[in-house]
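Chemist: The structure's right below; bear with me while I get my questions together.
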Amino acid sequence: MAIRSRRRVAAFAAALLAVSLSACTGEEPVSDDLSGNRVGAMTDYGVNAQFKATEALNFSILYNNHPNYPIKNEWLFWSELTKRTGVTLQPTAVPLSDYEQKRSLLIGAGDAPLIIPKTYPGSEAPFVASGSILPVSDYLDLMPNFKDKIAKWNLQPDVDQLRQLDGKFYLLPGIHENVWTDYSLGVRTDILAQLNLTAPKTWDEVYTMLKAMKAAYPNQYPMSDRWSKPTPGGALFNYMAGAFSTNGGWGYRNDYWDANAKKFVFTGATDGYKQMVTYLNKLVKEGLLDPESFTQDDDTAIQKLATGKSFVISANAQELVNKYRTTMAATLPNAKIVKIPQPTGPAGEVKAGSRLENGVMISKKARDSKNFVAMMQFIDWLYYSDAGQEFAKWGVPGTTYNKDASGKFTLAPDVDYVKLNPTGTKHLQKDFGFGNGVFAYGGTTQLLQSTFSAEELEYQKAMDAKKILPVPPPHPYEDAEAEQATLWETPLKDHVSQMTLKFILGQRDLSEWDAYVAELKAKNMDAYIELVNKAHDRFAKQRG
Amino acid sequence: MVTVEHKPAPAPALPAVRRRRRGLKVTRGYRVFQAVNAVVLTIVVIVTLYPFVNVVARSFSQEAYIRAGQVNLVPRGFNLSTYKLVMADDMFWANYRNTVFYTVVATAVAIVLTTCYAYVLSKKHLRGRSALVGIAVFTMFFSGGLIPNYILITSLGLKNSVWAIALPNAISVFNLLVMKAFFESMPVELEEAAAVDGLDTYRILWRIVLPLSKAMIATMVLFYAVAFWNSWFSAFLYMDQSDLFPVTVYLRNLIAGATGAGSVGAADADLQTAANIQAVTIVLTVVPILLVYPFVQRYFVSGVMLGAVKG
């Protein structure tokens with residue numbers, strides 16, 4: 001089985017390569033005259049207008065089928081969508097487990113539906129060279145709501161990061177009004193109370209807290225962490241990096257934008273990164289952080305928490321409620337755990353993160369459809385207008401939810417969603433198709449937080465008080481540069497991640513930091529950063 | 001002559017064998033061997049059975065105990081509600097029906113085609129025989145690749161039908177070679193006699209060869225049926241609607257989908273599927289094919305071994 005699937009992967013890679021090579025031979029640029037593509041489109045479509053196709057239209061869409069709310073034809077979502085917009089969606093249902101693979105296959109075989117949602121920023125890149133994806137940045141004039149929100153929420157720098165070699169972008173990202181942070185430390189508050197401690201606000205206080213826990217329970221590690229597969233420390237490094245003016249974990253990129261010097265520096269060699277590593281090394285050295293944190297799987301870490309072998313673990317809102325609490329309710333009935341606002345560090349009261357979400361790719365062949373303009377307007381309405389976003393998330397007023405004058409959302413009495421209305425007999429996602437990850441994401445902070453619990457709202461309020469770090473500027477490469485950068489990037493990244501763990505776990509002494517930086521230099525760190533800065537300068541000049 | 005000479009021999013031979021067996025039994029080395037054998041095989045049995053028993057135990061347990069890692073061989077917080085929940089899901093049963101349907105059709109097609117191909121290949125006088133074997137063996141090492149296969153199936157109009165699953169996988173080369181070796185080991189005289197009596201090739205296959213190959217056929221049915229029951233990949237590739245999926249795709253989505261790294265950080269609520277729902281679905285999916293084994297087992301060993309010597 002393993003051999004067979006490896007063979008499949010190899011064959012698949014070869015096929016993709018073949019497709020992208022053949023597509024490189026140059027295609028006729030499509031004409032930008034849209035006069036033949038306006039069938040069904042509205043002439044007076046604009047911001048906050050209700051999109052309604054002038055005739056009944058059908059669009060094919062790739063559908064990411066979630067096991068918790070499997071697709072149903074009788075969902076109110078489909079019928080109400082058709083009623084409001086005149087558009088009927090024809091979904092190709094793909095299991096969530098293998099969505100990416102089937103998406104690659106369909107695009108590679110030229111058989112992809114017109115609308116391809118659930119694509120995370122960056123994962124559209126492999127398809128760009130094949131020429132089968134529409135450069136959506138050329139057609140933003142058809143999408144007034146998208147443009148409006150980009151301008152209103154000052155998202156241009158974020159969107160610029162999506163630009164490919166040709167200066168265009170190929171993904172319509174999901175967009176958030178504000179940076180949404182979800183991951184942080186989960187802490188046992190009953191232990192805090194027992195030891196007369198308050199919840200830590202800074203990473204130094206986290207250290208003090210763990211120290212006190214260790215003093216009271218000397219035979220165990222007070223913190224044992226998870227989310228280390230496949231990226232060790234994926235969540236932890238990611239959310240603590242902002243406090244140390246660097247990046248790490250899931251969000252690790254080799255290039256870090258030094259806002260003061262106005263240039264890129266190599267992340268793994270910055271002082272901030274060293275501080276973060278030194279701090280974590282201290283925790284491990286003093287027995288405060290379980291060394292297995294970076295190798296164990298999630299279930300093992302949760303088991304340690306649930307059996308009282310550890311008191312602190314990385315958390316997000318869902319995991320806190322669905323897993324930690326429900327598990328501990330059975331094993332440690334007196335335990336209480338909360339998610340504390342992300343502790344701050346040398347960087348001060350800041351929060352880092354992207355405001356871009358997964359989004360939509362469009363098949364290039366859609367451009368030739370006589371309904372192309374109508375389709376873009378439809379996508380703009382459903383994914384980017386306030387009305388469309390509210391519809392996708394909450395459904396139909398009076399049937400699935402109610403909204404009072406102050407803009408507060410409440411579920412209909414018989415409908416449940418994220419346990420907000422546990423007595424409801426019907427489920428917003430399972431029975432109506434709303435709150436569906438394929439259609440509902442991003443939007444205003446008010447809409448995002450409309451489904452949060454009181455506790456989570458408090459967390460968000462604390463986080464919203466922090467300053468948002470600016471996103472790094474884009475530095476799209478030219479062809480030859482991209483090839484060169486790829487050759488350098490992976491060995492550099494691998495070395496950083498290996499050495500990060502060795503330093504933290506004490507397998508390599510921190511006095512060897514300079515030697516480590518020299519090793520990075522031997523792996524072309526300087527040349528790489530020079531390349532990044534060159535690409536950035538060129539792009540900055542082009543854009544004025 | 002020969003038979004006459006042998007006639008008196010059996011009487012003294014029998015006690016001799018028995019005595020030798022008794023002698024073997026008391027050997028120390030043999031006892032040690034037996035003990036070691038028993039221990040090793042018991043360990044193998046435990047190692048093989050433990051994960052299965054564990055899944056069964058999980059399926060009857062409460063979620064919290066599974067998460068806390070406290071469920072091993074015996075269910076904790078016994079409940080049947082998860083079974084009721086999973087069994088109440090229409091999609092689960094729709095996909096289950098698909099699995100049964102696909103398995104039956106695909107196995108039937110596979111058996112017919114494999115038998116015909118193997119029988120032909122077993123005939124030494126067939127011209128171009130080595131080329132035909134070569135064609136089959138070639139596919140063991142090379143394939144057209146995912147996208148060309150997909151385009152082929154799509155342009156043949158097989159997508160979203162049972163044929164997309166049954167036809168491309170109809171002949172497993174391994175099974176073909178096993179069967180070919182089996183047919184080759186059949187006495188040629190048998191078929192020659194049938195031919196002399198006036199049967200043509202097809203009736204020789206139908207009336208003489210196949211009735212003598214029941215053990216082999218049963219084994220092949222088992223091989224193919226298990227493979228088709230467990231397979232998910234072709235259905236995943238060629239089926240576009242969830243009500244056409246076999247239950248394996250349903251199961252995979254439930255397990256891999258809910259734990260995959262791709263979903264990390266996604267805004268979906270209730271992303272993780274409960275561990276006991278996974279366990280229940282696994283049990284319900286595995287049980288039927290497991291139940292087939294005891295019925296086919298008596299053919300199984302002899303069937304696999306039949307072709308072995310010559311193969």
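Letters A, B, ... go to the chains of the structure tokens in the order shown; residues in each chain start at 1; ligands are counted from 1 in the same order.
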So that I can see what lies close to Gln278 (chain B), please list as JSON, numbers by chain the residues with an atom at most 10 Å from it, counting only C-alpha atoms and leaving out residues fewer than 3 positions away in the same chain.
Modeler: {"B": [55, 58, 59, 82, 86, 251, 252, 254, 255, 258, 273, 274, 275, 281, 282, 283]}
Chemist: Counting only C-alpha atoms, collect the residues of chain A whose closest atom lies at most 6 Å from chain B, and write them out as a ChimeraX atom specification.
Modeler: /A:11-12,67,92-93,95-97,109,303,306,327,437
Chemist: List the neighbours of Val532 (chain A) out to 9 Å using only C-alpha atoms; skip same-chain residues closer than 4 positions along the sequence, and give me the result as a ChimeraX atom specification.
Modeler: /A:255,264,475-477,485,527-528,536-537
Chemist: With a distance cut-off of 7 Å and only C-alpha atoms, select the neighbouring residues of Val338 (chain A), excluding the residue or stretch itself and same-chain residues fewer than 5 positions from it, and output the selection as a ChimeraX atom specification.
Modeler: /A:186-189
Chemist: May I ask which of the residues B:Thr42, B:Asn276, B:Asn72, B:Thr248 is the closest one to Ala94 (chain B), counting only C-alpha atoms?
Modeler: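 Once distances to Ala94 (chain B) are computed over only C-alpha atoms, the minimum belongs to B:Thr248.
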Chemist: Can you tell me, as a count of residues only, what residues are no more than 10 Å from Gln90 (chain A) when counting only C-alpha atoms, ignoring any on the same chain fewer than 4 positions away?
Modeler: 10
Chemist: Just list as number ranges by chain whatever in region 240-270 of chain A DSSP marks as strand (DSSP E or B).
Modeler: A: 255-258, 263-266
Chemist: Per DSSP on the backbone, what are the helix (DSSP H, G or I) residues of region 139-244 of chain A, as a VMD selection string?
Modeler: chain A and resid 139 to 142 144 to 152 156 to 160 189 to 194 203 to 216 234 to 244
Chemist: Would you mind exporting the chosen residues as a PDB file, in the first residue's frame, restricted to C-alpha atoms?
Modeler:
```
ATOM      1  CA  TYR A 139     -10.915  41.533 -13.001  1.00  0.00           C
ATOM      2  CA  LEU A 140     -11.337  43.282  -9.665  1.00  0.00           C
ATOM      3  CA  ASP A 141     -13.407  45.979 -11.343  1.00  0.00           C
ATOM      4  CA  LEU A 142     -16.180  43.416 -11.511  1.00  0.00           C
ATOM      5  CA  PRO A 144     -17.008  46.255  -6.018  1.00  0.00           C
ATOM      6  CA  ASN A 145     -17.481  44.770  -2.556  1.00  0.00           C
ATOM      7  CA  PHE A 146     -14.058  43.148  -2.578  1.00  0.00           C
ATOM      8  CA  LYS A 147     -12.400  46.400  -3.655  1.00  0.00           C
ATOM      9  CA  ASP A 148     -14.406  48.359  -1.118  1.00  0.00           C
ATOM     10  CA  LYS A 149     -13.330  46.182   1.812  1.00  0.00           C
ATOM     11  CA  ILE A 150      -9.683  46.144   0.704  1.00  0.00           C
ATOM     12  CA  ALA A 151      -9.701  49.928   0.707  1.00  0.00           C
ATOM     13  CA  LYS A 152     -11.818  50.361   3.835  1.00  0.00           C
ATOM     14  CA  GLN A 156      -3.707  46.338   0.158  1.00  0.00           C
ATOM     15  CA  PRO A 157      -0.351  45.313   1.738  1.00  0.00           C
ATOM     16  CA  ASP A 158      -1.823  41.963   2.741  1.00  0.00           C
ATOM     17  CA  VAL A 159      -3.238  41.333  -0.707  1.00  0.00           C
ATOM     18  CA  ASP A 160       0.042  42.424  -2.339  1.00  0.00           C
ATOM     19  CA  THR A 189      -6.678  28.280  37.021  1.00  0.00           C
ATOM     20  CA  ASP A 190      -7.467  26.015  39.962  1.00  0.00           C
ATOM     21  CA  ILE A 191      -3.721  25.375  40.319  1.00  0.00           C
ATOM     22  CA  LEU A 192      -3.109  29.126  40.081  1.00  0.00           C
ATOM     23  CA  ALA A 193      -5.612  29.725  42.874  1.00  0.00           C
ATOM     24  CA  GLN A 194      -4.099  26.986  44.966  1.00  0.00           C
ATOM     25  CA  TRP A 203       6.475  35.581  29.184  1.00  0.00           C
ATOM     26  CA  ASP A 204       8.596  36.415  32.235  1.00  0.00           C
ATOM     27  CA  GLU A 205       5.531  35.934  34.383  1.00  0.00           C
ATOM     28  CA  VAL A 206       4.864  32.665  32.611  1.00  0.00           C
ATOM     29  CA  TYR A 207       8.312  31.573  33.719  1.00  0.00           C
ATOM     30  CA  THR A 208       7.594  32.605  37.318  1.00  0.00           C
ATOM     31  CA  MET A 209       4.281  30.790  37.231  1.00  0.00           C
ATOM     32  CA  LEU A 210       5.817  27.567  35.902  1.00  0.00           C
ATOM     33  CA  LYS A 211       8.568  27.853  38.496  1.00  0.00           C
ATOM     34  CA  ALA A 212       5.994  28.076  41.282  1.00  0.00           C
ATOM     35  CA  MET A 213       4.109  25.107  39.879  1.00  0.00           C
ATOM     36  CA  LYS A 214       7.319  23.128  39.713  1.00  0.00           C
ATOM     37  CA  ALA A 215       8.082  24.009  43.346  1.00  0.00           C
ATOM     38  CA  ALA A 216       4.700  22.665  44.413  1.00  0.00           C
ATOM     39  CA  GLY A 234       4.054  24.707  15.319  1.00  0.00           C
ATOM     40  CA  ALA A 235       1.560  26.621  17.431  1.00  0.00           C
ATOM     41  CA  LEU A 236       3.748  27.639  20.373  1.00  0.00           C
ATOM     42  CA  PHE A 237       6.589  29.206  18.347  1.00  0.00           C
ATOM     43  CA  ASN A 238       4.038  30.810  16.071  1.00  0.00           C
ATOM     44  CA  TYR A 239       2.139  32.704  18.754  1.00  0.00           C
ATOM     45  CA  MET A 240       5.086  33.514  20.970  1.00  0.00           C
ATOM     46  CA  ALA A 241       7.265  34.784  18.113  1.00  0.00           C
ATOM     47  CA  GLY A 242       5.398  38.094  17.887  1.00  0.00           C
ATOM     48  CA  ALA A 243       6.416  38.909  21.443  1.00  0.00           C
ATOM     49  CA  PHE A 244      10.069  38.430  20.509  1.00  0.00           C
TER      50      PHE A 244
END
```
Chemist: Quick one: distance from CA of Thr219 (chain B) to CA of Arg129 (chain B) in Å, one decimal?
Modeler: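 Atom-to-atom, CA of Thr219 (chain B) to CA of Arg129 (chain B), that is 24.9 Å.
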Chemist: Contacts of region 257-261 of chain A at 9 Å or less, counting only C-alpha atoms, minus same-chain residues fewer than 5 places along, as an MDAnalysis selection string?
Modeler: chainID A and resid 245:246 266:267 470:473
Chemist: Could you write those residues out with C-alpha atoms, as a PDB file, in the first residue's frame?
Modeler:
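Printed below is out_6.pdb as written:
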```
ATOM      1  CA  SER A 245       9.917  40.343  17.180  1.00  0.00           C
ATOM      2  CA  THR A 246      10.440  37.308  15.040  1.00  0.00           C
ATOM      3  CA  PHE A 266      17.307  36.315   8.080  1.00  0.00           C
ATOM      4  CA  THR A 267      14.819  35.216  10.755  1.00  0.00           C
ATOM      5  CA  PRO A 470       2.356  45.555   9.951  1.00  0.00           C
ATOM      6  CA  VAL A 471       2.615  42.746   7.434  1.00  0.00           C
ATOM      7  CA  PRO A 472       5.927  42.402   5.631  1.00  0.00           C
ATOM      8  CA  PRO A 473       5.962  43.939   2.141  1.00  0.00           C
TER       9      PRO A 473
END
```
Chemist: What does the distance from CA of Asn524 (chain A) to CA of Tyr256 (chain A) come to in Å, to one decimal?
Modeler: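 CA of Tyr256 (chain A) lies at a distance of 16.1 Å from CA of Asn524 (chain A).
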Chemist: Applying 12 Å and only C-alpha atoms, which residues near Val396 (chain A) remain after dropping the ones on its own chain fewer than 5 positions away? List them as a ChimeraX atom specification.
Modeler: /A:75-81,83-84,387-391,401-403,409-412,415,428,432-435
Chemist: Using only C-alpha atoms, which of A:Leu185, A:Met463, A:Leu492, A:Leu505 sits nearest Val350 (chain A)?
Modeler: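 Going through A:Leu185, A:Met463, A:Leu492, A:Leu505 one by one, the smallest distance to Val350 (chain A) is for A:Met463.
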Chemist: What is the distance between CA of Thr107 (chain B) and CA of Tyr224 (chain B), in Å to one decimal?
Modeler: 5.7 Å
